[in-house]
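Data file: target_33.pdb. Format and content: PDB, C-alpha atoms, pLDDT in the B column.
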ATOM      1  CA  MET C 205     -12.800   8.146 -12.795  1.00 71.00           C
ATOM      2  CA  GLY C 206     -10.921   9.916  -9.989  1.00 93.00           C
ATOM      3  CA  GLU C 207     -10.190  13.448  -8.874  1.00 95.00           C
ATOM      4  CA  ASP C 208      -7.534  15.237  -6.860  1.00 97.00           C
ATOM      5  CA  ILE C 209      -8.468  16.531  -3.419  1.00 97.00           C
ATOM      6  CA  ARG C 210      -6.588  18.165  -0.562  1.00 98.00           C
ATOM      7  CA  LEU C 211      -5.762  16.178   2.562  1.00 98.00           C
ATOM      8  CA  LYS C 212      -4.762  17.780   5.856  1.00 98.00           C
ATOM      9  CA  SER C 213      -2.769  15.611   8.243  1.00 97.00           C
ATOM     10  CA  ALA C 214      -0.613  16.169  11.310  1.00 97.00           C
ATOM     11  CA  ALA C 215       2.349  16.134   8.907  1.00 97.00           C
ATOM     12  CA  GLY C 216       0.966  18.963   6.783  1.00 97.00           C
ATOM     13  CA  GLU C 217      -1.339  19.429   3.794  1.00 98.00           C
ATOM     14  CA  ILE C 218      -0.875  17.261   0.680  1.00 98.00           C
ATOM     15  CA  GLY C 219      -2.817  16.219  -2.370  1.00 98.00           C
ATOM     16  CA  ALA C 220      -4.604  12.891  -2.718  1.00 98.00           C
ATOM     17  CA  TYR C 221      -6.245  10.996  -5.560  1.00 98.00           C
ATOM     18  CA  LEU C 222      -9.863  10.031  -4.839  1.00 98.00           C
ATOM     19  CA  ALA C 223     -11.963   7.502  -6.762  1.00 98.00           C
ATOM     20  CA  VAL C 224     -15.622   6.897  -5.895  1.00 97.00           C
ATOM     21  CA  PRO C 225     -17.811   3.918  -6.841  1.00 96.00           C
ATOM     22  CA  THR C 226     -20.902   4.457  -8.979  1.00 94.00           C
ATOM     23  CA  GLY C 227     -23.265   2.892  -6.430  1.00 91.00           C
ATOM     24  CA  ALA C 228     -23.337   2.733  -2.644  1.00 92.00           C
ATOM     25  CA  ALA C 229     -19.847   2.169  -1.235  1.00 95.00           C
ATOM     26  CA  LYS C 230     -19.021  -1.058   0.574  1.00 97.00           C
ATOM     27  CA  GLY C 231     -16.440   0.836   2.616  1.00 98.00           C
ATOM     28  CA  GLY C 232     -13.223   2.767   2.130  1.00 98.00           C
ATOM     29  CA  ILE C 233      -9.652   1.880   1.264  1.00 98.00           C
ATOM     30  CA  VAL C 234      -6.444   3.894   1.456  1.00 98.00           C
ATOM     31  CA  VAL C 235      -4.114   2.987  -1.430  1.00 98.00           C
ATOM     32  CA  ILE C 236      -0.469   3.598  -0.600  1.00 98.00           C
ATOM     33  CA  GLN C 237       2.073   4.431  -3.282  1.00 98.00           C
ATOM     34  CA  GLU C 238       5.351   2.759  -4.149  1.00 97.00           C
ATOM     35  CA  ILE C 239       8.558   4.807  -4.279  1.00 97.00           C
ATOM     36  CA  PHE C 240       7.325   6.202  -7.621  1.00 97.00           C
ATOM     37  CA  GLY C 241       4.620   8.495  -6.261  1.00 97.00           C
ATOM     38  CA  VAL C 242       0.918   8.465  -7.082  1.00 98.00           C
ATOM     39  CA  ASN C 243       1.660   7.731 -10.726  1.00 97.00           C
ATOM     40  CA  HIS C 244      -0.477   6.246 -13.487  1.00 96.00           C
ATOM     41  CA  HIS C 245      -0.319   2.754 -11.995  1.00 97.00           C
ATOM     42  CA  ILE C 246      -1.351   3.777  -8.475  1.00 98.00           C
ATOM     43  CA  ARG C 247      -4.217   5.833  -9.861  1.00 98.00           C
ATOM     44  CA  ALA C 248      -5.299   2.784 -11.907  1.00 97.00           C
ATOM     45  CA  VAL C 249      -5.222   0.602  -8.773  1.00 98.00           C
ATOM     46  CA  THR C 250      -7.277   3.230  -6.941  1.00 98.00           C
ATOM     47  CA  ASP C 251      -9.791   3.321  -9.797  1.00 98.00           C
ATOM     48  CA  LYS C 252     -10.022  -0.484  -9.729  1.00 98.00           C
ATOM     49  CA  PHE C 253     -10.919  -0.525  -6.048  1.00 98.00           C
ATOM     50  CA  ALA C 254     -13.614   2.065  -6.781  1.00 97.00           C
ATOM     51  CA  ALA C 255     -14.926  -0.116  -9.618  1.00 97.00           C
ATOM     52  CA  ASP C 256     -15.089  -2.950  -7.089  1.00 97.00           C
ATOM     53  CA  GLY C 257     -17.251  -0.872  -4.773  1.00 97.00           C
ATOM     54  CA  TYR C 258     -14.923   1.026  -2.429  1.00 98.00           C
ATOM     55  CA  ILE C 259     -14.255   4.728  -1.898  1.00 98.00           C
ATOM     56  CA  ALA C 260     -10.520   4.712  -2.592  1.00 98.00           C
ATOM     57  CA  LEU C 261      -7.985   7.386  -1.697  1.00 98.00           C
ATOM     58  CA  ALA C 262      -4.267   7.538  -2.557  1.00 98.00           C
ATOM     59  CA  PRO C 263      -2.350  10.177  -0.549  1.00 98.00           C
ATOM     60  CA  ARG C 264       0.455  11.952  -2.393  1.00 98.00           C
ATOM     61  CA  PHE C 265       3.164  11.595   0.267  1.00 98.00           C
ATOM     62  CA  PHE C 266       5.850  13.193  -1.890  1.00 98.00           C
ATOM     63  CA  ASP C 267       3.939  16.497  -1.813  1.00 98.00           C
ATOM     64  CA  HIS C 268       5.724  17.106   1.504  1.00 98.00           C
ATOM     65  CA  ILE C 269       8.909  17.377  -0.562  1.00 97.00           C
ATOM     66  CA  LYS C 270       7.666  18.669  -3.925  1.00 96.00           C
ATOM     67  CA  THR C 271       4.334  18.545  -5.731  1.00 96.00           C
ATOM     68  CA  GLY C 272       3.834  16.653  -8.966  1.00 94.00           C
ATOM     69  CA  ILE C 273       6.361  13.845  -8.424  1.00 96.00           C
ATOM     70  CA  GLU C 274       5.344  10.881 -10.603  1.00 96.00           C
ATOM     71  CA  LEU C 275       8.118   8.510 -11.600  1.00 97.00           C
ATOM     72  CA  GLY C 276       8.569   5.674 -14.059  1.00 94.00           C
ATOM     73  CA  TYR C 277      10.519   2.444 -13.600  1.00 95.00           C
ATOM     74  CA  THR C 278      14.046   3.092 -14.858  1.00 93.00           C
ATOM     75  CA  PRO C 279      17.204   2.726 -12.730  1.00 93.00           C
ATOM     76  CA  ASP C 280      17.447   6.513 -12.531  1.00 96.00           C
ATOM     77  CA  THR C 281      13.865   6.970 -11.305  1.00 95.00           C
ATOM     78  CA  ILE C 282      14.265   4.106  -8.825  1.00 94.00           C
ATOM     79  CA  ALA C 283      17.260   5.948  -7.361  1.00 96.00           C
ATOM     80  CA  GLU C 284      15.287   9.199  -7.326  1.00 96.00           C
ATOM     81  CA  GLY C 285      12.335   7.550  -5.559  1.00 96.00           C
ATOM     82  CA  ARG C 286      14.601   6.014  -2.936  1.00 96.00           C
ATOM     83  CA  LYS C 287      16.083   9.443  -2.268  1.00 97.00           C
ATOM     84  CA  TYR C 288      12.618  10.906  -1.634  1.00 97.00           C
ATOM     85  CA  VAL C 289      11.650   7.991   0.620  1.00 97.00           C
ATOM     86  CA  THR C 290      14.799   8.450   2.709  1.00 97.00           C
ATOM     87  CA  GLU C 291      14.156  12.172   2.985  1.00 97.00           C
ATOM     88  CA  LEU C 292      10.515  11.701   3.960  1.00 97.00           C
ATOM     89  CA  GLY C 293      10.958   9.011   6.601  1.00 96.00           C
ATOM     90  CA  LEU C 294       8.139   6.886   8.028  1.00 96.00           C
ATOM     91  CA  ASP C 295       6.302   9.071  10.519  1.00 97.00           C
ATOM     92  CA  LYS C 296       4.851  11.598   8.070  1.00 98.00           C
ATOM     93  CA  PRO C 297       3.368   8.969   5.720  1.00 98.00           C
ATOM     94  CA  VAL C 298       1.777   7.153   8.677  1.00 98.00           C
ATOM     95  CA  GLN C 299       0.240  10.450   9.800  1.00 98.00           C
ATOM     96  CA  ASP C 300      -1.029  10.987   6.258  1.00 98.00           C
ATOM     97  CA  VAL C 301      -2.645   7.531   6.266  1.00 98.00           C
ATOM     98  CA  ASP C 302      -4.369   8.388   9.538  1.00 98.00           C
ATOM     99  CA  ALA C 303      -5.778  11.524   7.914  1.00 98.00           C
ATOM    100  CA  ALA C 304      -6.825   9.543   4.832  1.00 98.00           C
ATOM    101  CA  ILE C 305      -8.742   7.068   6.999  1.00 98.00           C
ATOM    102  CA  ALA C 306     -10.539   9.977   8.671  1.00 98.00           C
ATOM    103  CA  GLU C 307     -11.277  11.573   5.289  1.00 98.00           C
ATOM    104  CA  LEU C 308     -12.868   8.380   3.967  1.00 98.00           C
ATOM    105  CA  LYS C 309     -15.016   8.058   7.073  1.00 98.00           C
ATOM    106  CA  LYS C 310     -16.064  11.683   6.654  1.00 97.00           C
ATOM    107  CA  ARG C 311     -17.150  10.758   3.132  1.00 96.00           C
ATOM    108  CA  GLY C 312     -19.393   7.981   4.395  1.00 95.00           C
ATOM    109  CA  ALA C 313     -17.199   4.886   4.733  1.00 97.00           C
ATOM    110  CA  LYS C 314     -18.139   3.101   7.962  1.00 97.00           C
ATOM    111  CA  LYS C 315     -15.030   0.940   7.800  1.00 98.00           C
ATOM    112  CA  VAL C 316     -11.694   1.568   6.071  1.00 98.00           C
ATOM    113  CA  GLY C 317      -8.917  -0.760   4.959  1.00 98.00           C
ATOM    114  CA  VAL C 318      -5.362   0.118   3.973  1.00 98.00           C
ATOM    115  CA  THR C 319      -3.282  -1.438   1.212  1.00 98.00           C
ATOM    116  CA  GLY C 320       0.085  -0.551  -0.265  1.00 98.00           C
ATOM    117  CA  PHE C 321       2.850  -1.752  -2.518  1.00 98.00           C
ATOM    118  CA  CYS C 322       6.635  -1.886  -2.120  1.00 97.00           C
ATOM    119  CA  TRP C 323       7.472   1.030   0.204  1.00 97.00           C
ATOM    120  CA  GLY C 324       3.719   1.424   0.547  1.00 98.00           C
ATOM    121  CA  GLY C 325       3.584  -2.152   1.833  1.00 98.00           C
ATOM    122  CA  THR C 326       5.838  -1.095   4.678  1.00 98.00           C
ATOM    123  CA  ILE C 327       3.643   1.935   5.420  1.00 98.00           C
ATOM    124  CA  THR C 328       0.625  -0.400   5.350  1.00 98.00           C
ATOM    125  CA  TRP C 329       2.298  -2.621   7.948  1.00 98.00           C
ATOM    126  CA  LEU C 330       3.035   0.388  10.156  1.00 98.00           C
ATOM    127  CA  SER C 331      -0.576   1.495   9.748  1.00 98.00           C
ATOM    128  CA  ALA C 332      -1.603  -1.912  11.129  1.00 98.00           C
ATOM    129  CA  THR C 333       0.745  -1.589  14.109  1.00 98.00           C
ATOM    130  CA  ARG C 334       0.372   2.135  14.871  1.00 98.00           C
ATOM    131  CA  LEU C 335      -3.092   3.133  13.614  1.00 98.00           C
ATOM    132  CA  LYS C 336      -6.587   1.636  13.711  1.00 97.00           C
ATOM    133  CA  PRO C 337      -7.801   0.814  10.202  1.00 98.00           C
ATOM    134  CA  ASP C 338     -10.254  -2.072   9.915  1.00 98.00           C
ATOM    135  CA  ALA C 339      -7.897  -4.131   7.759  1.00 98.00           C
ATOM    136  CA  ALA C 340      -4.393  -3.911   6.289  1.00 98.00           C
ATOM    137  CA  ILE C 341      -3.077  -5.668   3.167  1.00 98.00           C
ATOM    138  CA  ALA C 342       0.629  -5.201   2.446  1.00 98.00           C
ATOM    139  CA  TYR C 343       2.228  -6.125  -0.878  1.00 98.00           C
ATOM    140  CA  TYR C 344       5.997  -6.889  -0.826  1.00 98.00           C
ATOM    141  CA  GLY C 345       6.938  -4.298   1.772  1.00 96.00           C
ATOM    142  CA  GLY C 346      10.712  -4.313   1.959  1.00 94.00           C
ATOM    143  CA  GLY C 347      10.852  -2.481   5.286  1.00 96.00           C
ATOM    144  CA  ILE C 348       8.439  -4.777   7.125  1.00 98.00           C
ATOM    145  CA  TYR C 349      11.219  -7.089   8.282  1.00 97.00           C
ATOM    146  CA  GLY C 350      13.103  -4.173   9.833  1.00 97.00           C
ATOM    147  CA  THR C 351      10.048  -3.322  11.967  1.00 97.00           C
ATOM    148  CA  ARG C 352       9.040  -6.960  12.476  1.00 97.00           C
ATOM    149  CA  ASN C 353       8.819  -6.687  16.258  1.00 97.00           C
ATOM    150  CA  GLU C 354       5.924  -4.247  16.049  1.00 98.00           C
ATOM    151  CA  LYS C 355       2.559  -5.936  16.630  1.00 97.00           C
ATOM    152  CA  PRO C 356      -0.413  -5.426  14.312  1.00 98.00           C
ATOM    153  CA  THR C 357      -3.631  -4.651  16.171  1.00 97.00           C
ATOM    154  CA  VAL C 358      -5.987  -5.102  13.202  1.00 98.00           C
ATOM    155  CA  PRO C 359      -6.630  -7.947  10.704  1.00 98.00           C
ATOM    156  CA  THR C 360      -3.554  -8.036   8.473  1.00 98.00           C
ATOM    157  CA  MET C 361      -2.613  -9.819   5.247  1.00 98.00           C
ATOM    158  CA  MET C 362       0.679  -9.814   3.325  1.00 98.00           C
ATOM    159  CA  HIS C 363       1.680 -10.812  -0.213  1.00 98.00           C
ATOM    160  CA  PHE C 364       5.277 -11.605  -1.234  1.00 98.00           C
ATOM    161  CA  GLY C 365       7.022 -12.986  -4.305  1.00 97.00           C
ATOM    162  CA  ASP C 366       9.396 -15.876  -3.697  1.00 97.00           C
ATOM    163  CA  LYS C 367      11.704 -14.613  -6.475  1.00 96.00           C
ATOM    164  CA  ASP C 368      12.004 -11.179  -4.851  1.00 97.00           C
ATOM    165  CA  MET C 369      15.727 -10.453  -4.428  1.00 93.00           C
ATOM    166  CA  HIS C 370      14.887  -7.532  -2.107  1.00 93.00           C
ATOM    167  CA  ILE C 371      12.928  -9.648   0.374  1.00 97.00           C
ATOM    168  CA  PRO C 372      14.415 -13.126   0.974  1.00 97.00           C
ATOM    169  CA  MET C 373      12.029 -15.926   1.853  1.00 97.00           C
ATOM    170  CA  GLU C 374      13.935 -16.401   5.098  1.00 97.00           C
ATOM    171  CA  HIS C 375      12.592 -13.030   6.166  1.00 97.00           C
ATOM    172  CA  VAL C 376       9.072 -13.896   5.039  1.00 98.00           C
ATOM    173  CA  ASN C 377       9.161 -17.169   6.977  1.00 98.00           C
ATOM    174  CA  GLU C 378      10.436 -15.383  10.074  1.00 98.00           C
ATOM    175  CA  LEU C 379       7.500 -12.987   9.806  1.00 98.00           C
ATOM    176  CA  ARG C 380       5.199 -16.030   9.694  1.00 98.00           C
ATOM    177  CA  LYS C 381       6.694 -17.336  12.935  1.00 98.00           C
ATOM    178  CA  LEU C 382       6.603 -13.961  14.671  1.00 98.00           C
ATOM    179  CA  HIS C 383       3.039 -13.155  13.607  1.00 98.00           C
ATOM    180  CA  PRO C 384       0.988 -16.360  13.308  1.00 97.00           C
ATOM    181  CA  GLY C 385      -2.225 -14.335  13.288  1.00 97.00           C
ATOM    182  CA  VAL C 386      -1.237 -12.535  10.070  1.00 98.00           C
ATOM    183  CA  GLN C 387      -2.197 -14.154   6.761  1.00 98.00           C
ATOM    184  CA  ILE C 388       1.013 -14.306   4.710  1.00 98.00           C
ATOM    185  CA  PHE C 389       1.029 -15.587   1.145  1.00 98.00           C
ATOM    186  CA  ASP C 390       3.908 -16.039  -1.261  1.00 98.00           C
ATOM    187  CA  TYR C 391       3.764 -16.466  -5.024  1.00 98.00           C
ATOM    188  CA  PRO C 392       6.194 -17.703  -7.697  1.00 97.00           C
ATOM    189  CA  ALA C 393       6.846 -14.105  -8.725  1.00 97.00           C
ATOM    190  CA  ASP C 394       9.272 -11.200  -8.401  1.00 96.00           C
ATOM    191  CA  HIS C 395       9.110  -7.872  -6.573  1.00 96.00           C
ATOM    192  CA  GLY C 396       6.413  -5.593  -7.987  1.00 95.00           C
ATOM    193  CA  PHE C 397       4.378  -8.465  -9.429  1.00 97.00           C
ATOM    194  CA  HIS C 398       1.096  -6.530  -9.148  1.00 97.00           C
ATOM    195  CA  CYS C 399       2.248  -3.643 -11.353  1.00 96.00           C
ATOM    196  CA  ASP C 400       1.334  -4.278 -14.987  1.00 93.00           C
ATOM    197  CA  GLU C 401       3.626  -1.441 -16.080  1.00 94.00           C
ATOM    198  CA  ARG C 402       6.790  -3.175 -14.849  1.00 91.00           C
ATOM    199  CA  GLY C 403       8.774  -6.021 -16.339  1.00 89.00           C
ATOM    200  CA  SER C 404       8.265  -7.980 -13.118  1.00 94.00           C
ATOM    201  CA  PHE C 405       4.476  -8.056 -13.549  1.00 95.00           C
ATOM    202  CA  ASP C 406       3.041 -11.535 -13.067  1.00 94.00           C
ATOM    203  CA  ALA C 407      -0.578 -11.811 -14.191  1.00 97.00           C
ATOM    204  CA  ALA C 408      -1.369 -15.030 -12.330  1.00 97.00           C
ATOM    205  CA  ALA C 409       0.138 -13.879  -9.036  1.00 97.00           C
ATOM    206  CA  SER C 410      -1.478 -10.468  -9.361  1.00 97.00           C
ATOM    207  CA  LYS C 411      -4.923 -11.964  -9.994  1.00 98.00           C
ATOM    208  CA  GLN C 412      -4.676 -14.420  -7.099  1.00 98.00           C
ATOM    209  CA  ALA C 413      -3.363 -11.822  -4.644  1.00 98.00           C
ATOM    210  CA  TYR C 414      -6.007  -9.281  -5.641  1.00 98.00           C
ATOM    211  CA  GLY C 415      -8.742 -11.884  -5.260  1.00 98.00           C
ATOM    212  CA  ARG C 416      -7.515 -12.639  -1.755  1.00 98.00           C
ATOM    213  CA  THR C 417      -7.330  -8.926  -1.034  1.00 98.00           C
ATOM    214  CA  LEU C 418     -10.954  -8.409  -2.078  1.00 98.00           C
ATOM    215  CA  GLU C 419     -12.085 -11.372   0.043  1.00 98.00           C
ATOM    216  CA  PHE C 420     -10.214  -9.941   3.023  1.00 98.00           C
ATOM    217  CA  MET C 421     -11.761  -6.529   2.428  1.00 98.00           C
ATOM    218  CA  ALA C 422     -15.242  -8.040   2.124  1.00 98.00           C
ATOM    219  CA  LYS C 423     -14.799  -9.824   5.444  1.00 98.00           C
ATOM    220  CA  ASN C 424     -13.306  -6.965   7.431  1.00 98.00           C
ATOM    221  CA  VAL C 425     -14.495  -3.773   5.729  1.00 98.00           C
ATOM    222  CA  GLY C 426     -17.651  -4.604   3.791  1.00 96.00           C
TER     223      GLY C 426
END

Let me see the file written as structure tokens.
Amino acid sequence: MGEDIRLKSAAGEIGAYLAVPTGAAKGGIVVIQEIFGVNHHIRAVTDKFAADGYIALAPRFFDHIKTGIELGYTPDTIAEGRKYVTELGLDKPVQDVDAAIAELKKRGAKKVGVTGFCWGGTITWLSATRLKPDAAIAYYGGGIYGTRNEKPTVPTMMHFGDKDMHIPMEHVNELRKLHPGVQIFDYPADHGFHCDERGSFDAAASKQAYGRTLEFMAKNVG
């Protein structure tokens, strides 16, 4: 369904995966990668948002380091992805998201949401606190707690798994107290529960979280 385009941001030029709905778009959504790059799963998520009526764009953040990085889910590739994330930092991806929002608006989206998974959940949170999308939906962002004192300025939703060893529920509950205006849901599931290519995939949690995400998008984006 999708195609690769070029995206110019303040951080530099990178690739991005674009998927367009068949009919008139309800709005736009930036889909933010995990530590594994814009791999098969992230492209599938992007395609799904397009099938549900949104112009969807997934920036290839790792292009700043090397083009063509798409990783699987083994211990070795997890370590490799973490190395790239550390090297890249947070500022460049946030700048890329800003450019992606502008690109979607240029392509006709009146309003644009942002969603992301794992590391992308953290970038989604920072997009809500530092940029001006029309909505932000973060899935199990492990770095959110470390930047918890930043304040979102747009409608924001978060999804966490209560079996996630990377993100203790104590942290999730503290986020609830710090940000009562943010919708925060937890599910009886592990980290990465939305990815049907990982052993931690949880179909029930994924379906419920995605349904809530679409409702949130419909309310705030279109």

| request: Can you turn the PyMOL selection byres ((chain C and resi 233) around 10) into a concrete residue list for this file, as a PyMOL selection string? | output: chain C and resi 230-232+234-236+250+253-254+258-262+304-305+308+313+315-319+337-340+421+425

| request: Show me as number ranges by chain the residues that reach within 9 Å of (0.5, 15.0, -6.3), counting only C-alpha atoms and using the file's own coordinates. | output: C: 208, 218-221, 241-243, 263-267, 270-274

Dump C-alpha atoms for the selected residues as a compact mmCIF listing (two decimals), in the coordinates of the input?
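The resulting out06.txt:
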# COMPACT_ATOMS: atom_id res chain seq x y z
CA ASP C 208 -7.53 15.24 -6.86
CA ILE C 218 -0.88 17.26 0.68
CA GLY C 219 -2.82 16.22 -2.37
CA ALA C 220 -4.60 12.89 -2.72
CA TYR C 221 -6.24 11.00 -5.56
CA GLY C 241 4.62 8.49 -6.26
CA VAL C 242 0.92 8.46 -7.08
CA ASN C 243 1.66 7.73 -10.73
CA PRO C 263 -2.35 10.18 -0.55
CA ARG C 264 0.46 11.95 -2.39
CA PHE C 265 3.16 11.60 0.27
CA PHE C 266 5.85 13.19 -1.89
CA ASP C 267 3.94 16.50 -1.81
CA LYS C 270 7.67 18.67 -3.92
CA THR C 271 4.33 18.55 -5.73
CA GLY C 272 3.83 16.65 -8.97
CA ILE C 273 6.36 13.84 -8.42
CA GLU C 274 5.34 10.88 -10.60

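Nearest residue to Glu419 in chain C among C:Met361, C:Val386, C:Ile282, C:Val289 is C:Met361, counting all atoms listed in the file.
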
Show which residues sit within 6 Å of Glu238 in chain C, as a PDB file with C-alpha atoms, in the coordinates of the input. Count only C-alpha atoms, and ignore same-chain residues fewer than 5 positions away.
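To be explicit, this is the file written out as result39.pdb:
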ATOM      1  CA  PHE C 321       2.850  -1.752  -2.518  1.00 98.00           C
ATOM      2  CA  CYS C 322       6.635  -1.886  -2.120  1.00 97.00           C
ATOM      3  CA  TRP C 323       7.472   1.030   0.204  1.00 97.00           C
ATOM      4  CA  GLY C 324       3.719   1.424   0.547  1.00 98.00           C
TER       5      GLY C 324
END

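The shortest atom-to-atom distance to Arg416 in chain C, with all atoms listed in the file taken into account, belongs to C:Ile341 out of C:His383, C:Lys314, C:Met369, C:Ile341.
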
| message | Once the PyMOL selection byres ((chain C and resi 377) around 12) has been evaluated on this model, what residues remain selected, and can you format them as a list of chain:residue names? | response |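 Output of the PyMOL selection byres ((chain C and resi 377) around 12): C:Tyr349, C:Arg352, C:Met362, C:Phe364, C:Asp366, C:Ile371, C:Pro372, C:Met373, C:Glu374, C:His375, C:Val376, C:Glu378, C:Leu379, C:Arg380, C:Lys381, C:Leu382, C:His383, C:Pro384, C:Val386, C:Gln387, C:Ile388, C:Phe389, C:Asp390.
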
| query | On this structure, which residues satisfy the PyMOL selection byres ((chain C and resi 332) around 9), written as a ChimeraX atom specification? | reply | /C:318,327-331,333-341,355-360

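CA of Ile348 in chain C lies 26.3 Å from CA of Glu217 in chain C.
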
| said: Please report the interatomic distance between CA of Gly415 in chain C and CA of Phe240 in chain C in Å with one decimal. | reply: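 Value for the CA of Gly415 in chain C-CA of Phe240 in chain C distance: 24.3 Å.
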
| message | Rounded to one decimal, what separation in Å do you get between CA of Gly227 in chain C and CA of Glu307 in chain C? | response |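 Atom-to-atom, CA of Gly227 in chain C to CA of Glu307 in chain C, that is 18.9 Å.
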
| query | Taking only C-alpha atoms into account, which of C:Cys399, C:Ala422, C:Ala229, C:Ile269 comes nearest Gly312 in chain C? | reply |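 Looking at the shortest contact to Gly312 in chain C, the residue is C:Ala229.
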
| Using only C-alpha atoms, which residue out of C:Lys310, C:Gly216, C:Phe420, C:Ala342 lies closest to Asp295 in chain C? |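 Smallest separation from Asp295 in chain C among the options: C:Gly216.
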
Residues within 9 Å of Phe405 in chain C, all atoms listed in the file, excluding chain neighbours under 5 positions, as a PDB file with C-alpha atoms, keeping the file's coordinate frame:
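So out_35.pdb came out as:
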ATOM      1  CA  ALA C 393       6.846 -14.105  -8.725  1.00 97.00           C
ATOM      2  CA  ASP C 394       9.272 -11.200  -8.401  1.00 96.00           C
ATOM      3  CA  HIS C 395       9.110  -7.872  -6.573  1.00 96.00           C
ATOM      4  CA  GLY C 396       6.413  -5.593  -7.987  1.00 95.00           C
ATOM      5  CA  PHE C 397       4.378  -8.465  -9.429  1.00 97.00           C
ATOM      6  CA  HIS C 398       1.096  -6.530  -9.148  1.00 97.00           C
ATOM      7  CA  CYS C 399       2.248  -3.643 -11.353  1.00 96.00           C
ATOM      8  CA  ASP C 400       1.334  -4.278 -14.987  1.00 93.00           C
ATOM      9  CA  SER C 410      -1.478 -10.468  -9.361  1.00 97.00           C
TER      10      SER C 410
END

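The shortest atom-to-atom distance to Asp251 in chain C, with all atoms listed in the file taken into account, belongs to C:Leu222 out of C:Ile239, C:Leu222, C:Gly276, C:Pro297.
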